[in-house]
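Trainee: Dropping in start05.txt, which is compact mmCIF, C-alpha atoms:
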# COMPACT_ATOMS: atom_id res chain seq x y z
CA VAL N 40 6.68 -5.63 -16.96
CA ALA N 41 4.43 -3.17 -15.15
CA ARG N 42 0.93 -2.61 -16.45
CA ASP N 43 -0.19 0.99 -17.01
CA LYS N 44 -2.24 0.96 -13.81
CA GLN N 45 0.90 0.10 -11.83
CA LEU N 46 2.85 3.17 -12.95
CA LEU N 47 3.03 6.34 -10.88
CA PRO N 48 0.31 8.71 -12.07
CA GLN N 49 1.17 11.99 -13.74
CA GLY N 50 -0.27 15.28 -12.60
CA ASP N 51 -0.93 16.98 -9.28
CA TRP N 52 -2.16 14.48 -6.73
CA LEU N 53 -1.68 14.07 -3.00
CA ILE N 54 -2.96 10.51 -2.59
CA TRP N 55 -2.78 7.66 -5.08
CA LEU N 56 -5.53 5.29 -3.96
CA ILE N 57 -5.31 1.82 -5.49
CA LEU N 58 -8.60 -0.05 -4.97
CA ALA N 59 -8.13 -3.53 -6.36
CA GLY N 60 -8.92 -7.18 -5.89
CA ARG N 61 -6.69 -9.84 -4.39
CA GLY N 62 -3.72 -10.68 -6.58
CA PHE N 63 -3.96 -7.51 -8.68
CA GLY N 64 -0.39 -6.56 -7.78
CA LYS N 65 -1.01 -3.84 -5.20
CA THR N 66 1.99 -4.73 -3.05
CA ARG N 67 4.33 -4.92 -6.03
CA THR N 68 3.04 -1.55 -7.21
CA GLY N 69 3.72 0.06 -3.84
CA ALA N 70 7.18 -1.48 -3.56
CA GLU N 71 8.19 -0.46 -7.09
CA ALA N 72 6.93 3.08 -6.51
CA VAL N 73 9.05 3.39 -3.37
CA ARG N 74 12.09 2.11 -5.25
CA GLU N 75 11.55 4.49 -8.18
CA LEU N 76 11.17 7.55 -5.96
CA VAL N 77 14.05 6.66 -3.62
CA ASP N 78 16.44 5.85 -6.47
CA ALA N 79 15.54 9.17 -8.13
CA GLY N 80 16.29 11.03 -4.89
CA ARG N 81 12.77 12.40 -4.69
CA ILE N 82 11.95 11.00 -1.23
CA SER N 83 14.09 10.35 1.83
CA GLN N 84 11.82 10.27 4.91
CA ILE N 85 9.38 7.47 4.30
CA GLY N 86 6.61 5.98 6.40
CA LEU N 87 5.43 2.41 5.82
CA ILE N 88 2.15 1.51 7.52
CA ALA N 89 0.28 -1.80 7.57
CA ARG N 90 -2.43 -3.29 9.74
CA SER N 91 0.10 -5.04 11.99
CA ALA N 92 3.85 -5.27 12.53
CA ALA N 93 3.79 -8.80 11.13
CA GLU N 94 2.17 -7.64 7.89
CA ILE N 95 4.74 -4.89 7.46
CA ARG N 96 7.55 -7.44 7.72
CA ASP N 97 5.92 -10.34 5.87
CA VAL N 98 4.18 -8.37 3.10
CA MET N 99 5.54 -4.87 2.59
CA VAL N 100 9.23 -5.48 3.29
CA GLU N 101 10.26 -9.15 3.14
CA GLY N 102 7.33 -10.54 1.17
CA PRO N 103 7.61 -11.96 -2.37
CA SER N 104 6.43 -8.61 -3.77
CA GLY N 105 7.83 -6.42 -0.99
CA ILE N 106 10.46 -3.71 -1.05
CA LEU N 107 13.47 -6.02 -0.69
CA SER N 108 12.25 -8.22 -3.55
CA VAL N 109 12.34 -5.44 -6.15
CA TYR N 110 16.08 -4.88 -5.71
CA PRO N 111 18.94 -7.09 -6.93
CA SER N 112 20.60 -8.62 -3.88
CA ALA N 113 23.72 -6.47 -4.25
CA TYR N 114 21.71 -3.24 -4.09
CA ARG N 115 19.09 -4.01 -1.47
CA PRO N 116 18.57 -1.52 1.32
CA THR N 117 19.34 -2.60 4.87
CA TYR N 118 16.35 -3.76 6.90
CA GLU N 119 16.59 -3.63 10.70
CA PRO N 120 13.35 -5.08 12.11
CA SER N 121 14.28 -4.33 15.72
CA LYS N 122 14.62 -0.64 14.86
CA ARG N 123 11.60 -0.68 12.52
CA ARG N 124 13.84 0.84 9.86
CA ILE N 125 15.00 0.43 6.28
CA THR N 126 18.06 2.37 5.13
CA TRP N 127 19.17 2.96 1.55
CA GLY N 128 22.69 3.68 0.35
CA ASN N 129 21.73 7.20 -0.73
CA GLY N 130 20.64 8.13 2.79
CA ALA N 131 16.89 7.60 2.42
CA VAL N 132 15.25 6.01 5.47
CA ALA N 133 11.88 4.34 5.91
CA HIS N 134 10.32 3.73 9.31
CA THR N 135 7.59 1.15 9.80
CA TYR N 136 4.40 1.64 11.78
CA SER N 137 1.60 -0.67 12.82
CA ALA N 138 -1.93 0.63 12.24
CA ASP N 139 -3.06 -0.89 15.53
CA GLU N 140 -0.78 1.56 17.37
CA PRO N 141 -1.82 5.00 16.09
CA ASP N 142 0.27 6.86 18.68
CA GLN N 143 3.45 5.64 16.92
CA LEU N 144 2.65 8.27 14.29
CA ARG N 145 2.46 11.18 16.71
CA GLY N 146 5.59 13.23 16.13
CA PRO N 147 7.40 11.62 13.17
CA GLN N 148 7.38 13.55 9.90
CA HIS N 149 7.59 12.10 6.41
CA ASP N 150 7.82 13.23 2.81
CA PHE N 151 6.16 10.04 1.55
CA ILE N 152 3.91 7.33 2.97
CA TRP N 153 2.92 3.93 1.68
CA ALA N 154 -0.21 2.83 3.53
CA ASP N 155 -1.22 -0.78 2.89
CA GLU N 156 -4.71 -2.29 3.29
CA ILE N 157 -6.16 0.84 4.83
CA ALA N 158 -9.67 -0.61 4.69
CA ALA N 159 -8.58 -3.19 7.29
CA TRP N 160 -7.01 -0.72 9.74
CA PRO N 161 -8.69 -0.87 13.16
CA TYR N 162 -8.42 2.85 13.94
CA ARG N 163 -9.18 5.91 11.83
CA GLU N 164 -6.78 7.80 14.12
CA THR N 165 -3.84 6.02 12.46
CA TRP N 166 -4.64 7.63 9.12
CA ASP N 167 -5.21 11.05 10.67
CA ASN N 168 -1.92 10.97 12.59
CA ALA N 169 -0.08 9.90 9.44
CA MET N 170 -1.52 12.88 7.55
CA PHE N 171 -0.44 15.31 10.27
CA GLY N 172 3.14 14.05 9.84
CA LEU N 173 3.15 14.47 6.07
CA ARG N 174 4.69 17.92 6.20
CA VAL N 175 8.02 17.90 4.37
CA GLY N 176 9.29 17.43 0.83
CA MET N 177 7.16 15.59 -1.69
CA ALA N 178 4.32 15.03 0.80
CA ARG N 179 2.44 12.29 -1.07
CA VAL N 180 0.78 9.00 -0.18
CA ILE N 181 0.19 5.69 -1.90
CA ALA N 182 -2.71 3.82 -0.30
CA THR N 183 -3.16 0.23 -1.50
CA THR N 184 -6.19 -1.76 -0.42
CA THR N 185 -8.86 -4.26 -1.23
CA PRO N 186 -12.03 -2.18 -0.82
CA LYS N 187 -14.41 -2.49 2.09
CA PRO N 188 -17.37 -0.24 2.90
CA LYS N 189 -15.45 2.21 5.09
CA ALA N 190 -16.08 5.95 5.44
CA LEU N 191 -12.37 6.71 4.94
CA LEU N 192 -12.36 5.14 1.48
CA ARG N 193 -15.41 7.10 0.41
CA GLU N 194 -13.82 10.33 1.64
CA LEU N 195 -10.62 9.67 -0.26
CA ILE N 196 -12.45 8.78 -3.46
CA ALA N 197 -14.44 12.00 -3.27
CA ALA N 198 -11.39 14.22 -2.63
CA GLN N 199 -10.10 16.19 -5.63
CA SER N 200 -6.52 15.57 -4.51
CA THR N 201 -6.91 11.78 -4.83
CA HIS N 202 -5.97 9.85 -7.96
CA VAL N 203 -8.01 6.64 -7.91
CA THR N 204 -6.90 3.48 -9.69
CA ARG N 205 -9.32 0.55 -9.74
CA GLY N 206 -8.35 -2.97 -10.64
CA ALA N 207 -9.47 -6.58 -10.57
CA THR N 208 -7.78 -9.90 -9.93
CA ALA N 209 -8.41 -10.87 -13.55
CA GLU N 210 -5.95 -8.24 -14.78
CA ASN N 211 -3.06 -10.19 -13.27
CA MET N 212 -4.38 -13.68 -13.86
CA ALA N 213 -1.34 -14.76 -15.88
CA ASN N 214 0.84 -14.38 -12.77
CA LEU N 215 -1.47 -16.24 -10.38
CA SER N 216 -1.26 -19.93 -9.58
CA GLU N 217 -3.51 -22.50 -11.20
CA THR N 218 -4.67 -23.49 -7.71
CA PHE N 219 -5.78 -19.95 -6.95
CA ARG N 220 -7.59 -19.69 -10.26
CA ARG N 221 -9.40 -23.00 -9.80
CA LEU N 222 -10.19 -22.96 -6.08
CA VAL N 223 -10.69 -19.26 -5.37
CA VAL N 224 -11.54 -17.41 -8.54
CA ALA N 225 -13.85 -20.13 -9.84
CA LYS N 226 -15.65 -20.41 -6.50
CA TYR N 227 -16.23 -16.74 -5.76
CA ALA N 228 -16.56 -15.21 -9.22
CA GLY N 229 -19.99 -13.66 -9.57
CA THR N 230 -20.73 -13.62 -5.82
CA THR N 231 -21.05 -10.50 -3.70
CA LEU N 232 -17.86 -11.37 -1.84
CA GLY N 233 -16.13 -12.04 -5.12
CA ARG N 234 -17.14 -8.64 -6.46
CA GLN N 235 -15.33 -7.06 -3.51
CA GLU N 236 -12.34 -9.35 -3.04
CA LEU N 237 -11.70 -10.21 -6.71
CA GLY N 238 -13.39 -7.44 -8.65
CA GLY N 239 -12.20 -4.67 -6.34
CA GLU N 240 -15.67 -3.14 -6.11
CA LEU N 241 -16.55 -0.86 -3.21
CA LEU N 242 -19.93 -2.21 -2.09
CA ASP N 243 -22.44 -0.71 0.32
CA GLU N 244 -22.76 -3.93 2.27
CA THR N 245 -20.71 -7.10 2.52
CA PRO N 246 -22.36 -10.30 3.82
As structure tokens - that is how I would like this structure written.
Mentor:
Amino acid sequence: VARDKQLLPQGDWLIWLILAGRGFGKTRTGAEAVRELVDAGRISQIGLIARSAAEIRDVMVEGPSGILSVYPSAYRPTYEPSKRRITWGNGAVAHTYSADEPDQLRGPQHDFIWADEIAAWPYRETWDNAMFGLRVGMARVIATTTPKPKALLRELIAAQSTHVTRGATAENMANLSETFRRLVVAKYAGTTLGRQELGGELLDETP
């Protein structure tokens, strides 16, 4: 069952920025949002962007919380990694892009973008090119990321068109492994790194 913070926000927003700690459920939130909007016929030209091609495949698409996982097997869209494409039965299509190749986003246009871990992207140009292509239909973005002290995040937080959702690892603790709770949460809770990676805080400096 989705928590309130994992539901699509109401109102007039361009970017839904989810700043949250590891294990909060950011990937599941992004995947479920794509499914909801595709199944409702609200989006059909989708861009999926992650730090690398491997992360798109292993996290956003085929991962345990990725797009394919939120569909029953009989209704899953068709994923063609060689074509960097996902196709749904209702005609919606998603193309995948790696953030380390910003020129991939020169030209394509989308009505919706899911941008994952934007704080870890190597080039600001990737984000800018994605925004230039957001020129049809719904024209909205979900950006999911663990926060890091990056200028892009601060700009998005300050923008009136951004809906910001903040979250911590602790909010999803019931769905995390005992090993993770004992070895990771217990070790880093209360530390500066833990405030960022678990608490989802945007800090000025990270040691």
Trainee: Write out as a PyMOL selection string the residues lying within 6 Å of stretch 207-213 of chain N, counting all atoms listed in the file and excluding same-chain residues fewer than 6 positions away.
Mentor: chain N and resi 59-63+237-239
Trainee: Here is a test: counting only C-alpha atoms, which residue of N:Glu140, N:Asp150, N:Glu156, N:Asp243 is nearest to N:Arg174?
Mentor: N:Asp150
Trainee: Atom CA of N:Pro141 and atom CA of N:Arg205, how far apart in Å?
Mentor: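 These atoms are spaced 27.3 Å apart.
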Trainee: Quick one: residues within 9 Å of N:Asn168, all atoms listed in the file, excluding same-chain residues fewer than 3 positions away - as a VMD selection string?
Mentor: chain N and resid 141 to 146 163 to 165 171 to 173
Trainee: Under the rule that all atoms listed in the file are counted, which of N:Thr230, N:Thr126, N:Ser83, N:Thr184 is the nearest residue to N:Gly64?
Mentor: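 Among the listed residues, N:Thr184 lies closest to N:Gly64.
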Trainee: In terms of the shortest atom-to-atom distance over all atoms listed in the file, which of N:Arg81, N:Ala178, N:Glu236, N:Ala41 is closest to N:Val223?
Mentor: N:Glu236
